[in-house]
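What follows is a short report on a single structure.
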Amino acid sequence: MVTKLKANNSEDIDVIQKNLIINDFSIQVATPNGSGSQTSNLVLLRSLFKMGIPSSGKNLFPSNIQGMPTWYTIRCSQDGYVARRDSIQILVLMNPETAVQDITNIQSGGVCLYPENAKYNFDREDITYYSMPVKRLAKESGVSSALRPYVSNMVYVGALASILGIELLEIESALSWHFKGRQKLVDTNMPVIQAAFDWSQENLTKTDPFQAQRANATDGTIMVDGNLAAALGAIYGGVTVMAWYPITPSTSLADSLTQYAGLLRHDENGKATYSIIQAEDELAAVGMVIGAGWAGARAMTATSGPGISLMSEFAGFGYYAEIPAVIWDVQRVGPSTGLPTRVSQGDLTTCHWSSHGDTEHICLLPGTVAECFEFGWRAFDIAEQYQTPVFVLSDLDLGMNMWMTKPFDYPDKPMSRGKVLTADQVAKNGFKRYFDLDGDGIPYRTLPGTNQPGAAYFTRGSGHDQSAKYSEDPQDYVENMSRLRRKIDYSREKLPAPIRELNESASIGFVGFGSTDPAIIESRDRLAAIGVESSYLRVRALPISLTVSDFVASHDRVYVIEMNIEGQLHKLIRIQYPDLATKLCSLAHCDGLPLTASWIVNQILEKESCHNGKIKQ
Amino acid sequence: MVKSSSNTNLIGLEKKDYKGSPTTLCAGCGHNSISSQIITVAFELGIQPEQVIKISGIGCSSKSPAYFMDRSFAFNSVHGRMPSVASGAMLANRDLITIGISGDGDTGSIGLGQFKHVMRRNTPMVYIVENNGVYGLTKGQFSVTADEGQNNKYYGKNDLPPLDLCLEAIVAECGFVARSFAGDPKQVRPLLKAAISYDGAALLDIISPCVAFNNTSASTKGYDWVKDHDDPLHDITYVPVQEEITTQYEPGETSVVTLHDGSQIVLRKLDESYDPTDKLGAIQALHNADTEESLLTGLIYYNPNRISLIRSENLVESPLAHLVAKDLRPPEDSLKQIMSSL
């Protein structure tokens, strides 16, 4: 494709071909929020992905509906790395407001694509500039003036297709997929893309080295966001009641659930086997979930940090009164409103110890979209088995951005509904709600409506004895709390186990959780390439598996990598293993953006240089 | 087959099958009277006790589910959030009968949002407010339904106007709004029966005098011994044993009731010509009663046309809680199809 571009002379073409950088670059599109660039960006991402190039897309957006700056980054990586990259090779500059900083951020040798009438400062001589006749092509498209700003964004799709060699057929099918096959919409947009492509072929001289080339590295994979994955997981996990309140970045989880439950969960008469309620606030959302879980539903909510704070009283109630519930926390930056459209892993300790009094909640920590699906259904089994609220901590990056993944595996276990007694069982054996018959700390429960004298009990957040009767007896309280402790401890090794990659020759280890996984994977490869070997353990649940101690003990130093300021996982591990505290180093960083491999590599090199003079730099 | 006798109801249960645990509320508390009426009504209607869920918030009122229908399932939840728990439970199992018990603080202050939203959402339930205008468990603060200008020994004069929960319910589109007096079983019982049969949220705002904390320093009647035992009344841990206040009066009549502290309230029973389906008329009637400083009792507003939450959710007939894996987990092929569509 490159040779089709008009070049000044054959020498230029030679230079370009010799130094081609194939399938290894980041594109950043800078636009004002609300200008309708999302379609263009997702079409670009999907086209590259469908060309077989490992790709990931991340939306860096403001808390705003229209006008404030927003960026979309697409990373293509021949080697399959999907973490955010902090260097930008190709900038599409559609927003004058951020032009100065955006141009500064382009890596030397990179590209700046801009609308031809833009008055930017083109001082940098180490980058290539391409102008696009955006206004003219949008006007010539014949769409109404109201739609022109929107189709303007299609111009950069066509221009990039020409410059990078993105296949127009893939672009057209991505458009069609995006518009769910509505041909009229494809027919509005595709001519603009084609015109921009043709114009670029005729008028631009390619002097940059970047090239998208068909590959086969995405075969057998799909592209999906974590919130959709979570919603599907919940549906295949048999969710029956979902109550929620809108909050970024969890809203799309509820939206996806509404969309797919509508397709998958009606009986032959068209009646729903689920209910989704948009509550008046998070207090009511979790109240409905607790009420529904108590009455036998598979109930869930999805929220983010501020919602978690509001839900904490009921979380403690659910813990103490032993009621199953699933609470998704798609984390964003706190405290308070914080950076509401930016990513963080700052709710770990809040969720684990949510509510007043002594509580320790089970938390699941998905690190991939596939795990969002898997934990989406498993969370219900765990909540009902242990009769307790289960938190699932995703985050904005995992939940709202697009990730390559293998198709999700259908649940490989039958639904586990926990210890629920029938009327006959109550009649035969009697029933004491909070009696630990099996020694695992998990009592038996009955569901409201169980038609048998003796089946009913009194659920309360106040002190209670084994029969659920009101009690302020000191011994009753201590026995109850000790049993709850036993119950949570009993869950420890039955929750999703840590994933370990042990490297025999490594003296250092990394511990992480959640969406930092791709950055950690990439950083380990880059460190290994310069002689720094590492092992890796990814925690997938709280309470923390006791196997973590072996991992820590078998390395000289273990770096706990996480996207928060306080080093929350680091603290949790140190509390669990005070004897190992001196081996644990915290690498905690949170600036609202997804963690990069470069940050980890730099941190490790800095810290390790104190310990090890042998590092090749 | 259970033999029916004069002591058993339609489903062969005796009244004792509807009893609760002994009350720990103060003697003479109006709440106990309400519990008794619930027991009587559930017995008379032949309701299966296990089918009933008793849900409450926090406060004296919210303790009362322990004092009726021990064979029913109960959920004493958190302050002001009984409505959300009830809504969740009803979504999970549409066959249940929900009796929600709340108080004027639990509903009118901390729970006002959930109260209004559960009315708007129209969760099928009986929503009983045991309304005494005072926070009893925390020793006598004014609640949002206390009268303007009312005096209280410990908190002085109440400067704020009261909230009328019936008015709030009507404005929130509640389709069954009634008010009564705890000591008037002849009125409470039929209202309770009607509320139970209503398919939607039904409010019963029941004035239920507090024997301990609605004391006023201007008290002229009631606690005759107060003058002789003035000091013990300053000890808020001392609660005198009182007789329950009862009354009986006919539609269209008024009844002046003297409370334990000697203050009086005027109840005016709606007469038989009153049209409870006229929404503006209901609001006007409440306003008129307020102007006359009386409390209107009876079925104040009724709208049979609202669709309940369960119906608007288009749920399967079987309770969601009873669905099993084959109903809930879509087949493997469907997941494969979705995966290939992404």
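Chain labels A, B, ... are given in the sequence in which chains occur in the structure tokens; within each chain residues are numbered consecutively from 1, and ligands are likewise numbered from 1 in the order shown.
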
Quiz prompt | For A:Ala261: contacts at 12 Å, only C-alpha atoms, fewer than 4 positions along chain excluded, given as a ChimeraX atom specification | solution = /A:228,231-242,253-257,265-267,271-276 /B:328-330,334

Proximity of chain B to chain A: per-residue shortest pair, 6 Å limit, only C-alpha atoms, as a tab-separated table:
```
residue	atom	partner	partner_atom	distance
B:Glu50	CA	A:Gly449	CA	5.2
B:Gln51	CA	A:Gly449	CA	4.5
B:Arg71	CA	A:Ala456	CA	5.7
B:Ser72	CA	A:Ala456	CA	5.6
B:Phe73	CA	A:Ala456	CA	4.8
B:Ala74	CA	A:Phe458	CA	4.6
B:Phe75	CA	A:Thr459	CA	4.6
B:Asn76	CA	A:Arg460	CA	4.8
B:Ser84	CA	A:Met288	CA	4.7
B:Val85	CA	A:Gly291	CA	4.1
B:Ser87	CA	A:Met288	CA	5.9
B:Gly88	CA	A:Met288	CA	3.9
B:Ala89	CA	A:Ala292	CA	4.3
B:Ala92	CA	A:Ala297	CA	5.1
B:Asn314	CA	A:Lys271	CA	5.6
B:Leu315	CA	A:Ala272	CA	4.8
B:Val316	CA	A:Lys271	CA	4.8
B:Ala321	CA	A:Gly296	CA	4.6
B:Leu328	CA	A:Gly238	CA	4.5
B:Arg329	CA	A:Tyr236	CA	4.8
B:Met339	CA	A:Pro407	CA	5.7
B:Leu342	CA	A:Ile222	CA	6.0
```

Restricting the output to C-alpha atoms, write the selected residues as a CSV table (one decimal), in the first residue's frame.
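Now in again02.csv:
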```csv
chain,number,residue,atom,x,y,z
B,50,GLU,CA,-45.2,-18.7,56.3
B,51,GLN,CA,-46.3,-16.8,53.2
B,71,ARG,CA,-44.5,-18.4,62.1
B,72,SER,CA,-43.9,-15.7,59.5
B,73,PHE,CA,-40.5,-14.7,58.1
B,74,ALA,CA,-39.1,-11.4,59.4
B,75,PHE,CA,-36.5,-8.9,58.4
B,76,ASN,CA,-35.6,-6.1,60.7
B,84,SER,CA,-36.0,-1.4,49.4
B,85,VAL,CA,-35.7,-4.7,51.2
B,87,SER,CA,-39.2,-4.5,47.0
B,88,GLY,CA,-36.2,-6.9,46.5
B,89,ALA,CA,-38.0,-9.6,48.4
B,92,ALA,CA,-37.6,-12.5,44.3
B,314,ASN,CA,-43.6,-8.7,33.3
B,315,LEU,CA,-42.3,-11.5,35.5
B,316,VAL,CA,-42.8,-15.2,35.0
B,321,ALA,CA,-36.5,-17.6,43.7
B,328,LEU,CA,-31.8,-19.5,34.5
B,329,ARG,CA,-28.7,-20.5,32.5
B,339,MET,CA,-19.2,-14.9,21.1
B,342,LEU,CA,-18.5,-9.8,18.9
```

Practice problem: Just the alpha helix (DSSP H) stuff from stretch 355-444 of chain A, please, per backbone DSSP, written as JSON, numbers by chain. | Solution: {"A": [369, 370, 371, 372, 373, 374, 375, 376, 377, 378, 379, 380, 381, 382, 383, 384, 385, 386, 396, 397, 398, 399, 400, 423, 424, 425, 426, 427, 428, 429]}

Generate a file of the selected residues that holds C-alpha atoms, formatted as a PDB file, in the first residue's frame.
```pdb
ATOM      1  CA  VAL A 369     -12.352  -9.719  30.471  1.00  0.00           C
ATOM      2  CA  ALA A 370     -12.569 -13.521  30.430  1.00  0.00           C
ATOM      3  CA  GLU A 371     -12.394 -13.441  34.205  1.00  0.00           C
ATOM      4  CA  CYS A 372     -15.076 -10.732  34.275  1.00  0.00           C
ATOM      5  CA  PHE A 373     -17.286 -13.309  32.575  1.00  0.00           C
ATOM      6  CA  GLU A 374     -16.161 -16.212  34.740  1.00  0.00           C
ATOM      7  CA  PHE A 375     -16.424 -14.351  38.035  1.00  0.00           C
ATOM      8  CA  GLY A 376     -19.714 -12.948  36.768  1.00  0.00           C
ATOM      9  CA  TRP A 377     -21.320 -16.369  37.149  1.00  0.00           C
ATOM     10  CA  ARG A 378     -19.123 -17.805  39.883  1.00  0.00           C
ATOM     11  CA  ALA A 379     -19.859 -14.852  42.190  1.00  0.00           C
ATOM     12  CA  PHE A 380     -23.445 -16.080  42.608  1.00  0.00           C
ATOM     13  CA  ASP A 381     -22.318 -19.588  43.523  1.00  0.00           C
ATOM     14  CA  ILE A 382     -19.873 -18.184  46.050  1.00  0.00           C
ATOM     15  CA  ALA A 383     -22.399 -15.727  47.513  1.00  0.00           C
ATOM     16  CA  GLU A 384     -24.991 -18.473  47.965  1.00  0.00           C
ATOM     17  CA  GLN A 385     -22.514 -21.075  49.202  1.00  0.00           C
ATOM     18  CA  TYR A 386     -21.164 -18.743  51.876  1.00  0.00           C
ATOM     19  CA  LEU A 396     -12.792   1.515  34.460  1.00  0.00           C
ATOM     20  CA  ASP A 397     -10.016   0.272  32.170  1.00  0.00           C
ATOM     21  CA  LEU A 398     -11.134  -3.346  32.328  1.00  0.00           C
ATOM     22  CA  GLY A 399     -14.828  -2.486  32.329  1.00  0.00           C
ATOM     23  CA  MET A 400     -15.155   0.202  29.664  1.00  0.00           C
ATOM     24  CA  ALA A 423     -40.056 -27.772  54.077  1.00  0.00           C
ATOM     25  CA  ASP A 424     -39.608 -31.547  54.360  1.00  0.00           C
ATOM     26  CA  GLN A 425     -36.073 -31.196  55.646  1.00  0.00           C
ATOM     27  CA  VAL A 426     -37.243 -28.711  58.260  1.00  0.00           C
ATOM     28  CA  ALA A 427     -40.072 -31.057  59.276  1.00  0.00           C
ATOM     29  CA  LYS A 428     -37.677 -33.973  59.605  1.00  0.00           C
ATOM     30  CA  ASN A 429     -34.641 -32.391  61.205  1.00  0.00           C
TER      31      ASN A 429
END
```

Quiz prompt | Selection: 12 Å around A:Asn602, only C-alpha atoms, excl. self and same-chain fewer than 5 positions, as a PyMOL selection string | solution = chain A and resi 523-524+526-527+587+596-597+607-609+617

Exercise. Provide the atom CA of A:Arg485 to atom CA of A:Thr349 distance in Å, to one decimal place.
Key: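 Taking atom CA of A:Arg485 and atom CA of A:Thr349, their separation equals 17.1 Å.
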
Quiz item: Neighbours of stretch 165-168 of chain A within 8 Å (only C-alpha atoms; same-chain residues fewer than 5 positions away dropped), as a PyMOL selection string?
Solution: chain A and resi 1-2+47-48+51+160+194+211-213

Could you take the residues named above and write them with C-alpha atoms, as a short mmCIF file (atom, residue, chain, number, x, y, z; two decimals), in the first residue's frame?
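Once everything was written out, this is again27.cif:
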```cif
data_model
loop_
_atom_site.label_atom_id
_atom_site.label_comp_id
_atom_site.auth_asym_id
_atom_site.auth_seq_id
_atom_site.Cartn_x
_atom_site.Cartn_y
_atom_site.Cartn_z
CA MET A 1 0.00 0.00 0.00
CA VAL A 2 2.83 2.37 0.81
CA SER A 47 -10.47 -2.91 11.36
CA LEU A 48 -6.95 -3.31 12.70
CA MET A 51 -6.63 -7.56 9.97
CA LEU A 160 -5.25 6.78 8.29
CA GLN A 194 -13.45 6.46 0.65
CA GLN A 211 2.54 0.30 8.51
CA ALA A 212 -0.44 -1.89 9.34
CA GLN A 213 -0.02 -5.24 7.70
#
```

Quiz item: Looking at only C-alpha atoms, which of A:Arg538, A:Arg84, A:Lys119, A:His361 is the one that sits closest to A:Glu501?
Solution: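 Ranking A:Arg538, A:Arg84, A:Lys119, A:His361 by distance to A:Glu501, first place goes to A:Arg538.
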
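Minimum distance to A:Ile521 across A:Leu595, A:Met94, A:Val558, A:Leu495 (counting only C-alpha atoms) occurs at A:Leu595.
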